[in-house]
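Containing compact mmCIF, C-alpha atoms: final02.txt.
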# COMPACT_ATOMS: atom_id res chain seq x y z
CA MET A 353 242.66 110.49 84.98
CA ALA A 354 240.73 112.46 87.61
CA PRO A 355 239.20 110.40 90.39
CA ARG A 356 235.68 109.21 89.93
CA TRP A 357 234.11 111.39 92.67
CA LEU A 358 235.36 114.52 90.97
CA VAL A 359 233.91 113.48 87.63
CA TYR A 360 230.55 112.77 89.28
CA ALA A 361 230.59 116.14 91.05
CA LEU A 362 231.25 117.98 87.80
CA VAL A 363 228.49 116.12 85.97
CA LEU A 364 226.09 116.87 88.84
CA LEU A 365 227.06 120.54 88.77
CA ALA A 366 226.44 120.70 85.03
CA ALA A 367 223.04 119.09 85.51
CA LEU A 368 222.09 121.44 88.35
CA SER A 369 223.12 124.46 86.31
CA VAL A 370 220.08 123.86 84.11
CA VAL A 371 217.68 124.11 87.08
CA PRO A 372 217.61 127.94 87.40
CA PHE A 373 216.82 128.25 83.72
CA ALA A 374 214.01 125.74 84.04
CA LEU A 375 212.55 127.66 86.99
CA ILE A 376 212.73 130.93 85.08
CA ALA A 377 211.10 129.34 82.04
CA ARG A 378 208.29 128.10 84.26
CA SER A 379 207.71 131.54 85.77
CA ARG A 380 207.68 133.10 82.30
CA ALA A 381 204.93 130.73 81.24
CA SER A 382 202.68 131.44 84.23
CA THR A 383 201.11 134.41 85.98
CA SER A 384 201.93 135.57 89.47
CA ALA A 385 200.17 137.71 92.03
CA GLN A 386 203.50 138.70 93.53
CA PRO A 387 204.66 142.25 92.75
CA HIS A 388 207.59 142.65 90.38
CA ILE A 389 211.03 142.06 91.79
CA GLN A 390 212.89 145.36 91.48
CA LEU A 391 216.53 144.40 91.06
CA ILE A 392 217.77 147.96 90.78
CA LEU A 393 215.49 150.43 92.49
CA ASP A 394 216.96 153.51 90.84
CA MET A 395 214.14 155.85 91.87
CA ALA A 396 211.51 153.56 90.41
CA LYS A 397 209.58 154.02 93.65
CA GLN A 398 209.77 157.64 94.72
CA PRO A 399 208.20 159.04 97.87
CA LYS A 400 205.91 161.25 95.83
CA LEU A 401 202.15 161.06 95.56
CA LYS A 402 200.80 160.15 92.16
CA THR A 403 197.26 160.01 90.80
CA GLN A 404 195.03 157.65 92.77
CA THR A 405 197.76 156.54 95.12
CA SER A 406 197.43 156.41 98.88
CA ASN A 407 198.72 158.71 101.57
CA PRO A 408 198.59 157.44 105.14
CA LEU A 409 198.51 161.01 106.45
CA PHE A 410 194.79 161.18 105.74
CA ALA A 411 192.10 159.11 107.37
CA ASP A 412 190.61 158.04 104.05
CA SER A 413 194.16 157.31 102.75
CA ARG A 414 193.51 159.20 99.51
CA ALA A 415 196.54 161.04 98.13
CA MET A 416 194.15 163.01 95.92
CA ARG A 417 192.12 165.25 98.17
CA PRO A 418 188.41 165.75 97.60
CA ARG A 419 187.36 169.20 96.54
CA VAL A 420 186.91 171.65 99.40
CA ALA A 421 183.21 172.33 99.96
CA GLY A 422 182.02 175.60 98.51
CA THR A 423 184.83 175.92 95.95
CA VAL A 424 184.51 175.91 92.17
CA ALA A 425 187.05 174.28 89.86
CA ARG A 426 188.36 176.24 86.89
CA GLY A 427 186.00 175.90 83.94
CA GLU A 428 183.15 174.71 86.12
CA LEU A 429 181.59 178.01 87.07
CA GLU A 430 177.97 177.48 86.16
CA GLU A 431 177.45 180.89 84.60
CA ASP A 432 174.87 180.02 81.98
CA SER A 433 171.89 178.36 83.63
CA ALA A 434 170.50 177.06 80.32
CA VAL A 435 173.79 175.28 79.49
CA TRP A 436 174.49 173.97 82.96
CA SER A 437 171.04 172.95 84.13
CA GLY A 438 168.88 172.80 81.00
CA ARG A 439 166.59 175.31 82.68
CA ASP A 440 165.73 178.84 81.76
CA GLY A 441 164.26 180.35 84.86
CA GLY A 442 161.87 177.66 86.04
CA ASN A 443 161.22 176.06 82.65
CA TRP A 444 163.07 173.43 80.63
CA VAL A 445 164.86 174.90 77.67
CA THR A 446 163.35 173.73 74.39
CA ALA A 447 166.11 174.91 72.06
CA PHE A 448 169.75 173.85 72.33
CA PRO A 449 171.71 176.40 74.42
CA VAL A 450 174.92 175.34 72.61
CA PRO A 451 175.69 175.67 68.88
CA VAL A 452 174.32 172.66 66.99
CA THR A 453 176.99 171.44 64.60
CA GLU A 454 177.77 168.27 62.72
CA ARG A 455 180.81 167.90 64.95
CA LEU A 456 178.61 167.99 68.04
CA MET A 457 176.38 165.33 66.47
CA HIS A 458 179.33 162.99 65.85
CA ARG A 459 180.61 163.61 69.35
CA GLY A 460 177.13 162.82 70.64
CA GLN A 461 177.01 159.55 68.73
CA GLU A 462 180.38 158.48 70.11
CA ARG A 463 179.50 159.45 73.69
CA TYR A 464 176.05 157.88 73.40
CA ASP A 465 177.57 154.59 72.28
CA ILE A 466 179.95 154.68 75.27
CA PHE A 467 177.67 155.78 78.09
CA CYS A 468 174.06 155.16 77.05
CA ALA A 469 174.01 152.26 74.59
CA PRO A 470 174.90 149.60 77.21
CA CYS A 471 171.36 149.96 78.59
CA HIS A 472 169.37 151.95 76.05
CA GLY A 473 170.70 150.11 73.00
CA LEU A 474 172.39 151.56 69.93
CA ALA A 475 169.06 152.71 68.48
CA GLY A 476 167.48 153.76 71.78
CA TYR A 477 164.81 151.10 72.18
CA GLY A 478 165.98 150.18 75.67
CA ASP A 479 167.45 146.90 74.46
CA GLY A 480 171.14 147.28 75.22
CA PRO A 481 173.28 144.32 76.32
CA VAL A 482 173.18 145.32 80.00
CA ALA A 483 169.38 145.60 79.93
CA LYS A 484 169.17 142.21 78.24
CA ARG A 485 171.44 140.65 80.83
CA ALA A 486 169.40 142.16 83.67
CA ASP A 487 166.30 140.65 82.06
CA ALA A 488 168.00 137.28 81.72
CA LEU A 489 169.07 137.36 85.37
CA GLN A 490 165.48 138.22 86.33
CA GLU A 491 166.57 140.92 88.75
CA GLY A 492 163.54 141.99 90.76
CA THR A 493 165.13 145.36 91.46
CA TRP A 494 165.57 146.13 87.77
CA THR A 495 163.27 148.31 85.72
CA PRO A 496 163.89 148.20 81.98
CA PRO A 497 165.26 151.45 80.52
CA SER A 498 162.83 153.63 78.61
CA SER A 499 162.63 153.54 74.86
CA TYR A 500 163.16 156.99 73.32
CA HIS A 501 160.61 156.22 70.69
CA THR A 502 157.45 156.93 72.64
CA ASP A 503 155.31 160.05 72.47
CA LEU A 504 156.22 160.81 76.07
CA VAL A 505 159.99 160.89 75.48
CA ARG A 506 159.66 162.53 72.05
CA GLY A 507 157.75 165.32 73.73
CA ARG A 508 160.38 165.95 76.39
CA PRO A 509 162.13 169.32 76.04
CA VAL A 510 165.89 169.06 75.45
CA GLY A 511 166.46 170.65 78.86
CA HIS A 512 164.60 167.75 80.47
CA LEU A 513 166.71 165.17 78.61
CA PHE A 514 169.84 167.04 79.69
CA ASN A 515 168.67 167.05 83.28
CA THR A 516 167.94 163.33 83.10
CA ILE A 517 171.53 162.60 82.03
CA THR A 518 172.90 164.92 84.70
CA TYR A 519 170.88 163.73 87.67
CA GLY A 520 169.36 160.44 86.53
CA ILE A 521 165.70 159.52 86.63
CA ARG A 522 163.87 156.69 88.40
CA ASN A 523 166.28 153.72 88.08
CA MET A 524 168.88 155.51 86.03
CA SER A 525 171.87 156.86 87.95
CA GLU A 526 173.29 160.32 87.56
CA TYR A 527 175.86 160.70 84.79
CA GLY A 528 176.76 164.29 85.54
CA SER A 529 180.04 163.29 87.17
CA GLN A 530 180.98 160.87 84.37
CA ILE A 531 180.07 162.99 81.34
CA PRO A 532 181.20 166.63 80.99
CA VAL A 533 178.50 169.20 80.34
CA GLU A 534 179.25 169.76 76.65
CA ASP A 535 179.19 166.02 76.01
CA ARG A 536 175.80 165.78 77.72
CA TRP A 537 174.39 168.28 75.23
CA ALA A 538 176.02 166.33 72.40
CA ILE A 539 174.25 163.20 73.63
CA VAL A 540 170.92 165.02 73.85
CA LEU A 541 171.43 166.10 70.25
CA TYR A 542 172.13 162.55 69.15
CA VAL A 543 169.11 161.24 71.06
CA ARG A 544 167.02 163.74 69.12
CA ALA A 545 168.56 162.39 65.91
CA LEU A 546 167.76 158.82 66.95
CA GLN A 547 164.16 159.81 67.66
CA ARG A 548 163.87 161.49 64.31
CA SER A 549 165.38 158.48 62.54
CA GLN A 550 162.80 156.10 64.02
CA ASP A 551 159.84 158.42 63.47
CA ALA A 552 160.43 159.63 59.94
CA SER A 553 157.84 160.04 57.21
CA VAL A 554 158.17 160.23 53.45
CA GLY A 555 158.13 163.98 53.82
CA ASP A 556 161.50 163.83 55.60
CA VAL A 557 163.16 162.26 52.57
CA PRO A 558 164.56 164.74 50.03
CA PRO A 559 162.31 164.68 46.90
CA GLU A 560 165.12 163.52 44.62
CA LEU A 561 165.72 160.46 46.78
CA ARG A 562 162.09 159.47 47.28
CA ARG A 563 162.01 157.41 44.14
CA GLN A 564 164.62 155.09 45.62
CA LEU A 565 162.26 154.19 48.47
CA ARG A 566 160.61 150.84 48.11
CA MET B 1243 245.52 111.67 96.59
CA SER B 1244 248.98 112.58 97.49
CA ALA B 1245 251.81 110.24 97.99
CA GLU B 1246 254.37 110.56 100.68
CA ALA B 1247 257.83 109.78 99.60
CA GLY B 1248 260.83 110.73 101.58
CA GLY B 1249 258.85 113.30 103.56
CA ARG B 1250 257.84 115.24 100.42
CA LEU B 1251 254.32 115.84 99.23
CA PHE B 1252 253.55 114.93 95.62
CA PHE B 1253 250.39 116.06 93.83
CA PRO B 1254 248.82 113.31 91.73
CA ARG B 1255 249.25 113.58 87.97
CA TRP B 1256 245.62 114.61 87.34
CA ALA B 1257 246.16 117.70 89.46
CA ASN B 1258 247.92 119.14 86.41
CA LEU B 1259 244.39 119.55 84.96
CA ALA B 1260 243.64 122.21 87.57
CA ARG B 1261 245.23 125.01 85.57
CA PRO B 1262 243.34 124.47 82.26
CA ALA B 1263 240.19 123.69 84.29
CA LEU B 1264 240.50 127.00 86.04
CA ALA B 1265 240.89 128.77 82.71
CA VAL B 1266 237.75 127.10 81.39
CA ALA B 1267 235.84 127.93 84.57
CA LEU B 1268 236.85 131.59 84.32
CA VAL B 1269 235.12 131.72 80.95
CA VAL B 1270 232.19 129.41 81.54
CA VAL B 1271 231.07 130.62 84.97
CA PRO B 1272 230.80 134.36 84.10
CA ALA B 1273 229.11 133.48 80.82
CA TYR B 1274 226.66 131.32 82.72
CA LEU B 1275 225.91 134.10 85.21
CA VAL B 1276 225.44 136.68 82.47
CA LEU B 1277 223.06 134.39 80.61
CA LEU B 1278 221.16 133.62 83.79
CA LEU B 1279 220.78 137.32 84.60
CA ALA B 1280 219.82 138.26 81.05
CA TYR B 1281 217.16 135.59 80.97
CA GLY B 1282 215.96 135.77 84.56
CA ALA B 1283 216.03 139.54 85.02
CA SER B 1284 214.70 140.49 81.58
CA PRO B 1285 211.52 142.60 81.50
CA ARG B 1286 209.85 139.71 79.72
CA THR B 1287 210.47 137.53 82.79
CA ILE B 1288 209.99 140.10 85.52
CA ASN B 1289 207.17 142.31 84.22
CA VAL B 1290 204.98 140.03 82.15
CA GLY B 1291 202.46 137.85 83.90
CA TYR B 1292 201.82 140.05 86.92
CA GLN B 1293 198.24 139.31 87.92
CA PRO B 1294 197.51 140.68 91.38
CA HIS B 1295 194.50 139.63 93.42
CA GLN B 1296 191.85 142.34 93.40
CA PRO B 1297 189.50 143.17 96.28
CA VAL B 1298 186.51 142.42 94.04
CA PRO B 1299 186.54 139.67 91.38
CA TYR B 1300 185.63 142.16 88.66
CA SER B 1301 185.66 140.49 85.25
CA HIS B 1302 186.68 142.55 82.25
CA ALA B 1303 185.76 139.51 80.14
CA LEU B 1304 182.12 139.91 81.22
CA HIS B 1305 181.82 143.71 81.24
CA ALA B 1306 184.06 144.75 78.36
CA GLY B 1307 183.91 141.49 76.41
CA GLN B 1308 180.50 139.88 76.69
CA LEU B 1309 178.50 143.05 77.43
CA GLY B 1310 180.68 145.16 75.14
CA ILE B 1311 180.85 148.17 77.47
CA ASP B 1312 183.36 150.65 76.10
CA CYS B 1313 186.60 151.06 78.10
CA ARG B 1314 185.79 154.75 78.49
CA TYR B 1315 182.51 154.10 80.29
CA CYS B 1316 184.63 153.51 83.41
CA HIS B 1317 188.07 154.88 82.50
CA THR B 1318 186.66 158.29 81.68
CA THR B 1319 189.85 160.33 81.98
CA VAL B 1320 191.87 158.37 79.42
CA GLU B 1321 191.31 160.81 76.54
CA LYS B 1322 192.05 163.94 78.52
CA ALA B 1323 194.58 163.04 81.19
CA ALA B 1324 197.87 161.25 81.55
CA PHE B 1325 196.24 158.80 83.92
CA ALA B 1326 193.45 156.41 82.96
CA ALA B 1327 191.53 156.62 86.20
CA VAL B 1328 190.11 153.64 87.96
CA PRO B 1329 186.42 154.53 88.25
CA PRO B 1330 184.82 155.78 91.45
CA THR B 1331 182.51 153.36 93.24
CA GLN B 1332 179.58 155.40 91.94
CA THR B 1333 180.29 154.00 88.45
CA CYS B 1334 179.91 150.42 89.72
CA MET B 1335 176.70 151.38 91.47
CA ASN B 1336 175.20 152.84 88.27
CA CYS B 1337 174.23 149.26 87.49
CA HIS B 1338 174.91 147.31 90.66
CA SER B 1339 172.47 149.21 92.79
CA LYS B 1340 169.91 147.22 90.80
CA ILE B 1341 171.69 144.32 89.11
CA ARG B 1342 173.19 141.72 91.46
CA ALA B 1343 172.47 144.24 94.20
CA ALA B 1344 172.81 141.63 96.96
CA SER B 1345 175.83 139.75 95.59
CA ALA B 1346 178.40 138.74 98.21
CA LYS B 1347 181.19 139.37 95.72
CA LEU B 1348 180.12 143.01 95.53
CA LEU B 1349 180.18 143.57 99.28
CA PRO B 1350 183.38 145.71 99.16
CA ILE B 1351 181.69 147.91 96.55
CA ARG B 1352 178.62 148.47 98.70
CA GLU B 1353 180.81 149.12 101.74
CA SER B 1354 182.82 151.68 99.82
CA TYR B 1355 179.63 153.30 98.57
CA ALA B 1356 178.22 153.49 102.09
CA THR B 1357 181.39 154.72 103.81
CA GLY B 1358 182.89 156.86 101.05
CA LEU B 1359 186.22 155.08 101.44
CA PRO B 1360 187.92 153.93 98.23
CA VAL B 1361 188.01 150.32 97.10
CA PRO B 1362 191.69 149.26 97.34
CA TRP B 1363 192.09 148.17 93.71
CA VAL B 1364 195.61 147.00 92.90
CA LYS B 1365 197.43 148.69 90.04
CA VAL B 1366 198.53 146.13 87.44
CA HIS B 1367 200.41 148.19 84.86
CA ASP B 1368 202.77 150.14 87.06
CA LEU B 1369 205.55 152.06 85.36
CA PRO B 1370 208.58 153.29 87.32
CA ASP B 1371 208.05 156.69 88.95
CA PHE B 1372 210.61 158.33 86.65
CA VAL B 1373 208.50 157.60 83.58
CA TYR B 1374 205.88 160.17 82.56
CA PHE B 1375 203.55 158.19 80.34
CA ASP B 1376 200.53 160.08 79.04
CA HIS B 1377 197.45 158.07 78.06
CA SER B 1378 195.72 160.95 76.30
CA ALA B 1379 198.67 161.57 73.98
CA HIS B 1380 198.55 157.96 72.80
CA VAL B 1381 194.82 157.38 72.70
CA ARG B 1382 194.08 160.54 70.75
CA ARG B 1383 196.68 159.67 68.12
CA GLY B 1384 195.28 156.23 67.54
CA VAL B 1385 197.32 153.84 69.66
CA GLY B 1386 194.70 151.30 70.69
CA CYS B 1387 194.29 150.16 74.31
CA VAL B 1388 195.09 146.63 73.16
CA GLU B 1389 198.57 147.61 72.01
CA CYS B 1390 199.83 147.93 75.60
CA HIS B 1391 197.19 146.13 77.66
CA GLY B 1392 196.45 143.11 75.47
CA ARG B 1393 193.01 141.54 75.11
CA VAL B 1394 191.60 142.85 78.39
CA ASP B 1395 188.14 142.03 77.03
CA LYS B 1396 189.06 138.35 77.38
CA MET B 1397 190.59 138.54 80.87
CA GLU B 1398 188.68 137.37 83.92
CA VAL B 1399 191.47 138.82 86.05
CA VAL B 1400 193.69 141.42 84.42
CA ALA B 1401 197.33 140.45 83.94
CA GLN B 1402 200.19 142.31 82.33
CA VAL B 1403 200.93 140.83 78.91
CA HIS B 1404 203.54 143.22 77.55
CA ARG B 1405 206.97 144.10 78.89
CA LEU B 1406 206.35 147.86 79.25
CA SER B 1407 210.13 148.25 79.37
CA MET B 1408 212.04 151.16 77.91
CA GLY B 1409 213.21 149.10 74.94
CA TRP B 1410 209.64 148.03 74.31
CA CYS B 1411 208.39 151.65 74.33
CA LEU B 1412 211.20 152.72 72.01
CA ASP B 1413 210.43 149.93 69.52
CA CYS B 1414 207.08 151.62 68.90
CA HIS B 1415 208.37 155.20 69.12
CA ARG B 1416 210.89 154.35 66.40
CA GLN B 1417 208.48 152.43 64.20
CA PRO B 1418 204.86 153.09 65.22
CA ASP B 1419 203.13 152.12 61.95
CA ARG B 1420 202.16 148.62 63.03
CA HIS B 1421 200.45 149.97 66.14
CA LEU B 1422 198.31 152.78 64.70
CA ARG B 1423 194.60 152.84 63.95
CA PRO B 1424 191.93 155.52 63.43
CA PRO B 1425 191.58 157.28 66.82
CA GLU B 1426 187.83 156.61 66.95
CA LEU B 1427 188.59 152.87 67.10
CA VAL B 1428 191.09 152.87 69.96
CA THR B 1429 188.88 150.89 72.33
CA LYS B 1430 187.86 148.24 69.78
CA MET B 1431 190.04 145.39 70.97
CA GLU B 1432 189.15 142.94 68.22
CA TRP B 1433 189.84 145.43 65.43
CA VAL B 1434 192.35 144.47 62.75
CA PRO B 1435 193.56 146.76 59.97
CA PRO B 1436 191.86 146.19 56.61
CA GLU B 1437 195.22 145.70 54.91
CA ASP B 1438 198.87 145.10 55.77
CA PRO B 1439 199.27 146.86 59.15
CA LEU B 1440 202.56 148.43 58.08
CA VAL B 1441 201.07 149.98 54.94
CA TYR B 1442 197.85 151.01 56.67
CA GLY B 1443 199.70 152.46 59.65
CA ARG B 1444 202.15 154.38 57.48
CA ARG B 1445 199.30 156.03 55.64
CA LEU B 1446 197.65 156.99 58.93
CA ARG B 1447 200.93 158.31 60.28
CA GLU B 1448 201.59 160.40 57.20
CA ALA B 1449 198.03 161.74 57.13
CA THR B 1450 198.05 162.74 60.78
CA LYS B 1451 201.74 163.70 60.88
CA ILE B 1452 202.40 161.55 63.90
CA ASN B 1453 206.06 161.81 64.75
CA PRO B 1454 206.86 160.08 68.03
CA SER B 1455 209.86 161.49 69.79
CA THR B 1456 212.72 159.35 71.04
CA ASP B 1457 214.29 162.15 73.05
CA CYS B 1458 215.04 161.30 76.68
CA TRP B 1459 212.84 164.09 77.98
CA THR B 1460 209.81 162.75 76.13
CA CYS B 1461 209.33 160.24 78.92
CA HIS B 1462 211.80 161.34 81.57
CA ARG B 1463 211.12 164.83 82.90
Here is a file; write its structure as structure tokens.
Amino acid sequence: MAPRWLVYALVLLAALSVVPFALIARSRASTSAQPHIQLILDMAKQPKLKTQTSNPLFADSRAMRPRVAGTVARGELEEDSAVWSGRDGGNWVTAFPVPVTERLMHRGQERYDIFCAPCHGLAGYGDGPVAKRADALQEGTWTPPSSYHTDLVRGRPVGHLFNTITYGIRNMSEYGSQIPVEDRWAIVLYVRALQRSQDASVGDVPPELRRQLR
Amino acid sequence: MSAEAGGRLFFPRWANLARPALAVALVVVPAYLVLLLAYGASPRTINVGYQPHQPVPYSHALHAGQLGIDCRYCHTTVEKAAFAAVPPTQTCMNCHSKIRAASAKLLPIRESYATGLPVPWVKVHDLPDFVYFDHSAHVRRGVGCVECHGRVDKMEVVAQVHRLSMGWCLDCHRQPDRHLRPPELVTKMEWVPPEDPLVYGRRLREATKINPSTDCWTCHR
């Protein structure tokens, strides 16, 4: 029979062998702010510059360089003033400078729900969740967003609505950098549809459906 | 231990166990190490649970969850580009120039806005540099944000919840049905299919002819 100290050592070793597994199990069940351990680097970190990474060569440390002043990106040459600024000469355009299609309307609804509904609300009454929260927080710097369903906003030319999205108005920030130009027109179209939907009369209902109105 | 008899060294009888013990150890120790490595170095252990500290305590649970702001309000490039961009500081200031405009937590945002220097947000879901993942390809075919990022709309601080390992990617590329939804619903994190996800997803896949590639060059260029 092996001496007692050897038996004890083996039992202790067996017991200790469980410890690493216990530590791993604990780390699997919790979160960590430490970056991943890369066991095999294998080109996982390459000295190349990817989107939104940093480059110490530049003072602002941006790997992506801002556009050079005075240059125009492909597809962003503002050829058609009506499309790009909502203005025709000095006046707001009153007719859509892009083809109005059902597809554009659906696109407008989707984009509206993403970018506008947080403040303006899904129906455009200015009662979106962000506006409600600002009210609840009683922010003195906050002005409630406009409802679209007032004579003032209904009377705005589409070019004015487009310009408002592009550059903002009063409290509203500019969305020109967040929403591409064609999507801004889609949103204007959908806002027009919202206005129509909340300001409809019996005359807007097709005659064959009027009987269903109660 | 040893007994001296007539100037010769005798091993004790139990020393005969050394040979079978060595044989056992040669099997047990490598097996133990392999198990330890498989468990401890698995993507599930190493990748999942990464939750870096961010320069601003931005809560997705508040903005995306409680307020219901669409993912694309901030991550505007996700449908068109490979990279789902972290928004510029201007996007934060759309609201925070008026709401909580004096909050101490938002100081780095106001500094960035004033100086034009970027906020040093920390990337959470970071794939190896030899992987060319394209957000737009997935989002436009109806792979929801939640499939890879989990319920971000419930996270105060974003953590990685899926392995994002090669095997994990291939599981879906081989059998995507369970992870498909109508593309217009990709950002709806709470969405569940109206029927068995496998049946529903297969119909979507057949209708849209989605055929994910498992070729090497699909992800490794």
### Task
Could you list the residues in chain A lying within 7 Å of chain B, using only C-alpha atoms, and format the result as a PyMOL selection string?
chain A and resi 353-354+373+376+380+382-389+395-398+412+466-467+470+481-482+486+491+493-494+525+530
Selection near region 1448-1458 of chain B, 8 Å with only C-alpha atoms, sequence-local residues under 6 positions removed, as a PDB file with C-alpha atoms, in the coordinates of the input:
ATOM      1  CA  ARG B1383     196.680 159.670  68.120  1.00  0.00           C
ATOM      2  CA  LEU B1412     211.200 152.720  72.010  1.00  0.00           C
ATOM      3  CA  HIS B1415     208.370 155.200  69.120  1.00  0.00           C
ATOM      4  CA  ARG B1416     210.890 154.350  66.400  1.00  0.00           C
ATOM      5  CA  PRO B1418     204.860 153.090  65.220  1.00  0.00           C
TER       6      PRO B1418
END
### Query
Near Asp535 (chain A), counting all atoms listed in the file, which residues have an atom at most 9 Å away, once you skip same-chain residues fewer than 3 positions from it, shown as a list of chain:residue names?
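The residues that qualify are A:Leu456, A:Arg459, A:Gly460, A:Arg463, A:Ile531, A:Pro532, A:Ala538, A:Ile539, A:Val540.
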### Query
Quick one: distance from CA of Val1276 (chain B) to CA of Gly1409 (chain B) in Å, one decimal?
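Result for CA of Val1276 (chain B) versus CA of Gly1409 (chain B): 19.0 Å, one decimal.
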#### Entry: Selection: 12 Å around Pro496 (chain A), all atoms listed in the file, excl. self and same-chain fewer than 4 positions, as a VMD selection string
(chain A and resid 471 to 473 477 to 488 490 to 492 522 to 524) or (chain B and resid 1337 1340 to 1341)
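The two atoms in question, CA of Tyr1355 (chain B) and CA of Thr1331 (chain B), are spaced 6.1 Å apart.
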### Query
Any idea what the distance is between CA of Leu1440 (chain B) and CA of Cys1414 (chain B)?
12.2 Å
### Query
If you count all atoms listed in the file, which residues fall within 12 Å of Ser437 (chain A), apart from same-chain ones fewer than 4 positions away, as an MDAnalysis selection string?
chainID A and resid 430:433 441:445 448:449 510:519 528 533:534 536:537
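With all atoms listed in the file as the basis for measurement, A:Arg544 is the residue among A:Gly438, A:Arg544, A:Lys400, A:Thr453 that approaches Gly507 (chain A) most closely.
Of the listed residues B:Ala1260, B:Val1271, B:Val1388, B:Val1298, the one whose atoms come nearest to Leu1427 (chain B) is B:Val1388, with distances taken using all atoms listed in the file.
Comparing the minimum interatomic distances between His1462 (chain B) and each of B:Asp1413, B:Asp1438, B:Glu1432, B:Tyr1374, counting only C-alpha atoms, we find that B:Tyr1374 sits nearest.
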### Message
So that I can check the surroundings of Asp551 (chain A), please list as a ChimeraX atom specification every protein, DNA and RNA residue that reaches within 12 Å of it, counting all atoms listed in the file and ignoring chain neighbours fewer than 6 positions away.
### Response
/A:475,500-503,506,544-545
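Of the listed residues (B:Val1364, B:Val1441, B:Val1320, B:Leu1446), B:Val1320 comes nearest to Thr1429 (chain B); the distances count all atoms listed in the file.
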